[in-house]
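Just work.cif here, mmCIF, C-alpha atoms and all ligand atoms:
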```
data_upload
#
loop_
_atom_site.label_atom_id
_atom_site.label_comp_id
_atom_site.auth_asym_id
_atom_site.auth_seq_id
_atom_site.Cartn_x
_atom_site.Cartn_y
_atom_site.Cartn_z
CA MET A 147 76.25 -30.09 -73.80
CA ALA A 148 79.12 -28.34 -75.56
CA ALA A 149 79.49 -24.69 -74.61
CA PRO A 150 78.24 -22.44 -77.41
CA HIS A 151 80.42 -20.02 -79.33
CA LEU A 152 78.83 -16.62 -78.92
CA LEU A 153 78.54 -13.33 -80.72
CA ILE A 154 76.98 -10.87 -78.28
CA ASP A 155 75.37 -7.58 -79.26
CA THR A 156 75.05 -5.51 -76.11
CA ASP A 157 74.56 -2.04 -74.61
CA PRO A 158 76.35 -2.35 -71.25
CA GLY A 159 74.51 -1.59 -68.92
CA VAL A 160 74.44 -3.24 -65.57
CA ASP A 161 72.43 -6.34 -66.47
CA ASP A 162 74.41 -6.60 -69.71
CA ALA A 163 77.53 -6.72 -67.55
CA LEU A 164 76.16 -9.65 -65.57
CA ALA A 165 75.28 -11.42 -68.81
CA LEU A 166 78.79 -10.82 -70.14
CA LEU A 167 80.29 -12.27 -66.95
CA MET A 168 78.08 -15.34 -67.45
CA ALA A 169 79.08 -15.65 -71.10
CA HIS A 170 82.79 -15.56 -70.31
CA ALA A 171 82.36 -18.01 -67.44
CA HIS A 172 80.37 -20.58 -69.39
CA ALA A 173 81.14 -20.24 -73.10
CA LYS A 174 83.55 -19.05 -75.79
CA VAL A 175 82.82 -15.43 -76.65
CA GLU A 176 84.01 -14.71 -80.18
CA ALA A 177 83.25 -10.98 -80.18
CA LEU A 178 81.16 -8.22 -78.67
CA SER A 179 79.25 -5.84 -80.94
CA ILE A 180 78.22 -2.74 -79.07
CA ALA A 181 74.94 -0.87 -79.37
CA ALA A 182 73.75 2.45 -78.07
CA GLY A 183 70.84 2.04 -75.71
CA ASN A 184 71.06 2.14 -71.94
CA VAL A 185 73.46 5.00 -72.42
CA GLY A 186 75.30 6.48 -75.39
CA LEU A 187 77.63 4.45 -77.56
CA GLU A 188 80.80 6.08 -76.22
CA HIS A 189 79.87 4.84 -72.74
CA THR A 190 78.66 1.39 -73.81
CA VAL A 191 81.89 0.74 -75.74
CA ARG A 192 84.00 1.92 -72.79
CA ASN A 193 81.93 -0.21 -70.39
CA ALA A 194 82.47 -3.35 -72.45
CA CYS A 195 86.21 -2.67 -72.35
CA THR A 196 86.13 -2.00 -68.60
CA LEU A 197 84.48 -5.37 -68.03
CA LEU A 198 87.01 -7.18 -70.23
CA ASP A 199 89.83 -5.59 -68.22
CA LEU A 200 88.23 -6.91 -65.03
CA ILE A 201 88.14 -10.51 -66.27
CA GLU A 202 91.39 -10.19 -68.27
CA ALA A 203 89.65 -11.32 -71.45
CA ASP A 204 90.87 -10.35 -74.93
CA THR A 205 87.45 -10.57 -76.57
CA PRO A 206 87.28 -8.26 -79.62
CA VAL A 207 84.97 -5.26 -79.14
CA HIS A 208 83.30 -3.62 -82.14
CA ALA A 209 81.44 -0.32 -81.88
CA GLY A 210 78.12 -0.13 -83.68
CA CYS A 211 75.56 2.50 -84.55
CA PRO A 212 75.40 5.55 -82.27
CA THR A 213 71.69 6.18 -82.95
CA PRO A 214 68.58 4.17 -83.87
CA LEU A 215 67.93 3.56 -87.57
CA VAL A 216 65.26 6.21 -88.12
CA ARG A 217 64.13 8.32 -85.16
CA LEU A 218 66.36 9.68 -82.42
CA PRO A 219 65.58 8.04 -79.06
CA GLU A 220 63.22 9.72 -76.65
CA GLU A 221 64.77 8.19 -73.54
CA ASP A 222 67.76 6.14 -72.47
CA ALA A 223 68.06 4.08 -69.29
CA ALA A 224 70.60 6.16 -67.42
CA PHE A 225 68.06 6.54 -64.61
CA VAL A 226 68.61 2.85 -63.86
CA HIS A 227 72.16 2.19 -65.02
CA GLY A 228 73.76 5.54 -64.13
CA SER A 229 74.80 8.25 -66.56
CA ASP A 230 77.89 6.23 -67.52
CA GLY A 231 75.96 2.95 -67.72
CA LEU A 232 77.90 1.25 -64.91
CA GLY A 233 76.36 2.84 -61.86
CA ASP A 234 78.50 6.02 -62.03
CA VAL A 235 81.18 4.23 -60.05
CA GLY A 236 83.93 6.17 -61.86
CA PHE A 237 86.16 3.41 -63.22
CA PRO A 238 89.41 4.57 -64.83
CA ALA A 239 89.81 4.50 -68.61
CA PRO A 240 90.07 0.85 -69.68
CA GLN A 241 93.16 -0.75 -71.21
CA ALA A 242 91.08 -2.77 -73.69
CA GLN A 243 90.26 -0.87 -76.87
CA PRO A 244 87.67 -1.45 -79.61
CA GLN A 245 88.56 -2.80 -83.04
CA ASP A 246 88.26 -0.65 -86.17
CA GLU A 247 85.69 -2.93 -87.81
CA HIS A 248 82.07 -1.78 -87.40
CA ALA A 249 79.75 -4.01 -85.38
CA ALA A 250 77.44 -4.71 -88.31
CA LEU A 251 80.39 -5.69 -90.51
CA THR A 252 81.86 -8.01 -87.89
CA LEU A 253 78.55 -9.84 -87.52
CA ILE A 254 78.57 -10.41 -91.29
CA ARG A 255 82.25 -11.37 -91.51
CA ARG A 256 82.40 -13.68 -88.52
CA THR A 257 79.33 -15.62 -89.57
CA ARG A 258 80.72 -15.97 -93.11
CA GLU A 259 83.95 -17.35 -91.63
CA ARG A 260 82.05 -19.80 -89.39
CA PRO A 261 78.66 -20.52 -90.96
CA GLY A 262 76.27 -22.37 -88.69
CA GLU A 263 78.61 -22.34 -85.69
CA LEU A 264 77.85 -19.12 -83.82
CA THR A 265 75.00 -18.27 -81.46
CA LEU A 266 74.03 -14.60 -81.64
CA VAL A 267 72.73 -13.07 -78.41
CA ALA A 268 71.09 -9.64 -78.62
CA LEU A 269 70.96 -7.82 -75.31
CA GLY A 270 70.23 -4.28 -76.45
CA PRO A 271 68.42 -2.36 -79.16
CA LEU A 272 68.60 -4.22 -82.47
CA THR A 273 70.14 -1.43 -84.54
CA ASN A 274 73.37 -3.29 -85.39
CA LEU A 275 71.54 -6.49 -86.33
CA ALA A 276 69.14 -4.56 -88.56
CA LEU A 277 72.00 -2.78 -90.30
CA ALA A 278 73.82 -6.08 -90.81
CA LEU A 279 70.65 -7.57 -92.30
CA ARG A 280 70.26 -4.66 -94.73
CA LEU A 281 73.89 -5.09 -95.80
CA ASP A 282 73.61 -8.90 -96.02
CA PRO A 283 70.09 -10.40 -96.06
CA SER A 284 71.59 -13.91 -95.99
CA LEU A 285 72.85 -13.37 -92.41
CA PRO A 286 70.16 -15.50 -90.70
CA GLU A 287 71.13 -18.54 -92.79
CA ARG A 288 74.61 -18.56 -91.19
CA VAL A 289 73.63 -17.97 -87.57
CA LYS A 290 73.17 -21.16 -85.55
CA ARG A 291 70.73 -19.55 -83.13
CA LEU A 292 69.51 -16.05 -82.29
CA VAL A 293 68.40 -15.21 -78.76
CA ILE A 294 66.86 -11.78 -78.23
CA MET A 295 66.22 -10.07 -74.93
CA GLY A 296 63.32 -7.80 -75.76
CA GLY A 297 59.64 -7.13 -75.90
CA ALA A 298 56.70 -7.56 -73.58
CA VAL A 299 54.44 -10.21 -75.05
CA THR A 300 51.25 -9.16 -73.23
CA GLY A 301 51.97 -5.44 -73.21
CA HIS A 302 53.45 -5.05 -69.74
CA GLY A 303 56.41 -2.99 -70.87
CA ASN A 304 58.93 -0.87 -69.01
CA THR A 305 59.12 2.37 -70.96
CA MET A 306 57.10 5.57 -71.37
CA SER A 307 55.40 3.89 -74.36
CA VAL A 308 53.46 1.71 -71.95
CA PRO A 309 53.37 -1.66 -73.80
CA ALA A 310 56.96 -1.34 -75.06
CA GLU A 311 60.05 -2.86 -73.52
CA PHE A 312 63.23 -0.77 -73.69
CA ASN A 313 65.33 -2.67 -76.27
CA ILE A 314 62.48 -2.76 -78.78
CA GLY A 315 61.15 0.68 -77.90
CA PHE A 316 64.55 2.34 -78.33
CA ASP A 317 64.68 1.33 -82.02
CA PRO A 318 61.35 -0.13 -83.19
CA GLU A 319 62.27 0.09 -86.87
CA ALA A 320 65.38 -2.01 -86.26
CA ALA A 321 63.37 -4.55 -84.32
CA LYS A 322 60.81 -4.73 -87.13
CA VAL A 323 63.60 -5.40 -89.65
CA VAL A 324 65.00 -8.21 -87.49
CA PHE A 325 61.65 -9.78 -86.55
CA GLU A 326 60.56 -9.81 -90.22
CA ALA A 327 63.85 -11.14 -91.58
CA TRP A 328 64.66 -13.89 -89.10
CA PRO A 329 62.77 -17.17 -89.66
CA MET A 330 62.92 -18.22 -86.00
CA PHE A 331 64.55 -16.79 -82.89
CA ASP A 332 64.24 -17.21 -79.13
CA LEU A 333 62.54 -14.29 -77.42
CA VAL A 334 63.15 -13.60 -73.73
CA ASP A 335 60.86 -10.73 -72.82
CA TRP A 336 60.47 -8.31 -69.92
CA GLU A 337 57.55 -10.19 -68.46
CA ALA A 338 59.56 -13.42 -68.22
CA THR A 339 62.35 -11.37 -66.66
CA LEU A 340 60.06 -10.20 -63.85
CA ARG A 341 58.93 -13.78 -63.24
CA HIS A 342 62.55 -14.83 -62.81
CA ALA A 343 63.83 -12.11 -60.48
CA PHE A 344 66.26 -13.34 -57.84
CA ASP A 345 65.53 -13.15 -54.12
CA GLY A 346 67.50 -10.22 -52.70
CA ASP A 347 69.04 -12.19 -49.84
CA THR A 348 70.08 -15.02 -52.15
CA PHE A 349 71.75 -12.60 -54.53
CA ALA A 350 73.43 -10.77 -51.66
CA ALA A 351 74.89 -14.08 -50.48
CA TRP A 352 76.37 -14.69 -53.93
CA LEU A 353 77.89 -11.21 -53.91
CA LYS A 354 79.36 -11.86 -50.45
CA ALA A 355 80.81 -15.22 -51.43
CA GLY A 356 82.05 -14.15 -54.84
CA ASP A 357 85.37 -12.88 -56.15
CA ARG A 358 86.38 -9.63 -57.85
CA ARG A 359 83.54 -10.12 -60.33
CA ALA A 360 81.05 -10.05 -57.46
CA ARG A 361 82.69 -6.95 -56.02
CA PHE A 362 82.51 -5.28 -59.45
CA PHE A 363 78.84 -6.13 -59.86
CA ASP A 364 78.04 -5.02 -56.31
CA GLN A 365 79.56 -1.64 -57.18
CA ILE A 366 77.80 -1.13 -60.53
CA PHE A 367 74.45 -2.37 -59.19
CA GLY A 368 74.23 0.34 -56.56
CA LYS A 369 72.15 2.84 -58.57
CA ALA A 370 69.84 0.14 -59.93
CA ARG A 371 69.39 -1.20 -56.40
CA GLN A 372 68.28 2.24 -55.26
CA TYR A 373 65.94 2.59 -58.23
CA ASN A 374 64.37 -0.80 -57.59
CA ALA A 375 63.84 0.06 -53.92
CA MET A 376 62.24 3.37 -54.91
CA ARG A 377 59.92 1.46 -57.28
CA GLY A 378 59.11 -1.00 -54.50
CA ARG A 379 60.68 -3.84 -56.45
CA SER A 380 62.11 -6.57 -54.29
CA GLY A 381 64.81 -8.88 -55.52
CA VAL A 382 67.24 -8.56 -58.41
CA ILE A 383 65.79 -8.18 -61.89
CA ALA A 384 68.30 -9.14 -64.60
CA ALA A 385 66.82 -9.23 -68.09
CA ASP A 386 70.04 -9.79 -70.01
CA ALA A 387 71.23 -12.45 -67.57
CA LEU A 388 68.04 -14.43 -68.21
CA ALA A 389 68.49 -14.15 -71.97
CA MET A 390 72.12 -15.21 -71.62
CA ALA A 391 71.15 -18.24 -69.53
CA VAL A 392 68.75 -19.30 -72.29
CA ALA A 393 71.50 -18.80 -74.86
CA LEU A 394 74.04 -20.76 -72.83
CA ASP A 395 71.79 -23.75 -72.17
CA GLU A 396 68.43 -23.94 -73.88
CA SER A 397 67.61 -27.05 -71.83
CA ILE A 398 66.77 -24.76 -68.91
CA ILE A 399 63.64 -23.63 -70.79
CA THR A 400 60.65 -25.28 -69.09
CA ARG A 401 57.82 -23.55 -70.97
CA ALA A 402 57.80 -21.84 -74.36
CA GLU A 403 55.45 -21.31 -77.28
CA THR A 404 56.15 -20.44 -80.90
CA ARG A 405 54.09 -17.63 -82.36
CA HIS A 406 54.33 -14.84 -84.89
CA VAL A 407 55.50 -11.66 -83.18
CA GLY A 408 55.34 -8.31 -84.91
CA VAL A 409 56.65 -4.88 -83.89
CA GLU A 410 54.50 -1.75 -83.93
CA THR A 411 56.38 1.27 -85.27
CA GLU A 412 53.58 3.80 -85.80
CA GLY A 413 51.19 3.73 -82.83
CA ARG A 414 50.90 6.90 -80.78
CA LEU A 415 50.38 4.86 -77.62
CA THR A 416 51.90 1.60 -78.83
CA ARG A 417 55.09 2.41 -80.75
CA GLY A 418 57.71 -0.23 -79.90
CA SER A 419 55.25 -2.82 -78.66
CA THR A 420 55.63 -6.50 -79.57
CA VAL A 421 52.34 -7.82 -80.92
CA VAL A 422 51.82 -11.58 -80.63
CA ASP A 423 49.33 -13.37 -82.88
CA TRP A 424 48.31 -15.83 -80.16
CA GLU A 425 45.57 -17.54 -82.19
CA ASN A 426 47.46 -17.29 -85.50
CA ARG A 427 44.56 -15.29 -86.92
CA LEU A 428 46.68 -13.75 -89.66
CA GLN A 429 48.08 -17.13 -90.71
CA ARG A 430 51.65 -15.88 -90.80
CA PRO A 431 54.41 -18.40 -90.04
CA PRO A 432 55.68 -18.21 -86.43
CA ASN A 433 59.00 -16.37 -86.11
CA ALA A 434 59.64 -16.56 -82.37
CA ARG A 435 59.93 -19.16 -79.63
CA ILE A 436 58.59 -17.12 -76.70
CA VAL A 437 60.28 -18.28 -73.51
CA PHE A 438 57.84 -18.18 -70.59
CA ASP A 439 59.62 -20.13 -67.87
CA VAL A 440 63.07 -21.52 -67.13
CA ASP A 441 64.53 -23.68 -64.37
CA GLN A 442 65.22 -20.93 -61.83
CA ALA A 443 67.76 -22.98 -59.88
CA ALA A 444 69.77 -23.66 -63.03
CA PHE A 445 69.58 -19.97 -63.96
CA GLY A 446 70.79 -19.01 -60.48
CA ALA A 447 73.64 -21.52 -60.63
CA MET A 448 74.92 -19.92 -63.83
CA VAL A 449 74.81 -16.47 -62.24
CA ALA A 450 76.44 -17.59 -58.98
CA ARG A 451 79.29 -19.24 -60.87
CA ALA A 452 79.81 -16.13 -63.02
CA LEU A 453 80.22 -14.11 -59.82
CA GLY A 454 82.73 -16.59 -58.40
CA ALA A 455 80.36 -17.55 -55.61
CA THR A 456 80.50 -21.22 -56.56
CA ASP A 457 82.98 -23.39 -58.45
O1 LIG B 1 64.28 -3.91 -70.90
C1 LIG B 1 65.48 -4.47 -70.43
C2 LIG B 1 66.58 -4.26 -71.42
O2 LIG B 1 66.80 -2.88 -71.60
C3 LIG B 1 67.92 -4.84 -70.94
O3 LIG B 1 68.67 -5.26 -72.05
C4 LIG B 1 68.59 -3.67 -70.29
O4 LIG B 1 70.02 -3.75 -70.35
C5 LIG B 1 68.12 -2.54 -71.15
O5 LIG B 1 68.99 -2.46 -72.26
CA CA B 2 70.91 -4.50 -72.39
#
```
Starting from the file, lay out its structure as structure tokens.
Amino acid sequence: MAAPHLLIDTDPGVDDALALLMAHAHAKVEALSIAAGNVGLEHTVRNACTLLDLIEADTPVHAGCPTPLVRLPEEDAAFVHGSDGLGDVGFPAPQAQPQDEHAALTLIRRTRERPGELTLVALGPLTNLALALRLDPSLPERVKRLVIMGGAVTGHGNTMSVPAEFNIGFDPEAAKVVFEAWPMFDLVDWEATLRHAFDGDTFAAWLKAGDRRARFFDQIFGKARQYNAMRGRSGVIAADALAMAVALDESIITRAETRHVGVETEGRLTRGSTVVDWENRLQRPPNARIVFDVDQAAFGAMVARALGATD
């Protein structure tokens, strides 16, 4: 299977960083568009550049929107990713620098230049994608495939809005714009992420056997490791890595169902939740292929290779 050509919208972020290592190890990355989310945009842009320095990649970086479309966020994810988004390791200022072109504009331009060729992978809040859609509603026609990490399809979320997952809950209005505008996308949700956590010892062995990428990830994962231990979570949970694996090779999907998925933007208890019409009661056309299960060994092989633990 030919390696895809990727546009990646991301809010690095520790698990974003792992996904970006996978993308650069297994595919051609055309550009990174950066969202605010895990931490503020200044940090997420810097973190993308820090990672590109590490792997000596010249992938263009485009800063996006610093805030959600409508309401200011109630929480970020610094408690997991560190206040700087990369585990508060304290990396020096990166050599790589962002481009002048806005993230939303680069998504529009690059897909106009290469219609039908690029796979778009969304690993953070969907603010940039929503803005691009408002500027150019024809965007979905030119994107070969959209893979979104987001949502919690049966309401087991991970934010203070209980049924909401972070990427959707951070900017529900943006997610609603994207979910309503895109005819069909792959959805890799938080619940699938938890089902595909890596065994801690297995992951530790990859970090031990890996190269500088493994050493980098071991450093940035420190705060998240502590948080997981405090929450009694065993293993390594990597939402964006799972979404990236699905984007890199959709043949690893072993179980999926297409359904209509909506986004709640108003609920006092449910704002940001992803609402699945499981029985198609509203007779709306399905817009999402919900990924339930993937080949875990194949997923792990992609991660191990991205860390330099295997050839
Ligand atoms: O809920 C998990 C998602 O939120 C991941 O993309 C993680 O990086 C955070 O952005
Ligand atoms: Ca992310």
Neighbour list for Val207 in chain A as an NGL selection string, cut-off 12 Å, only C-alpha atoms, skip fewer than 2 positions in-chain: :A and (153-157 or 175-181 or 190-199 or 203-205 or 209-210 or 242-250 or 252-253)
Site check for ligand CA 2 (chain B): residues at most 6 Å away, only C-alpha atoms and all ligand atoms, as a PyMOL selection string: chain A and resi 156-159+162+269-270+386
Quick one: pull the distance between CA of Thr273 in chain A and CA of Leu215 in chain A, Å, one decimal. 6.2 Å
Using all atoms listed in the file, which residues sit within 9 Å of Ala165 in chain A once same-chain residues fewer than 6 positions away are excluded, as a count of residues only? 11
With only C-alpha atoms and all ligand atoms counted, collect every polymer residue having an atom within 9 Å of ligand LIG 1 (chain B); state the result as a ChimeraX atom specification. /A:156-163,182-185,222-223,227,268-271,295-298,303-305,310-316,335-336,339,384-387,389
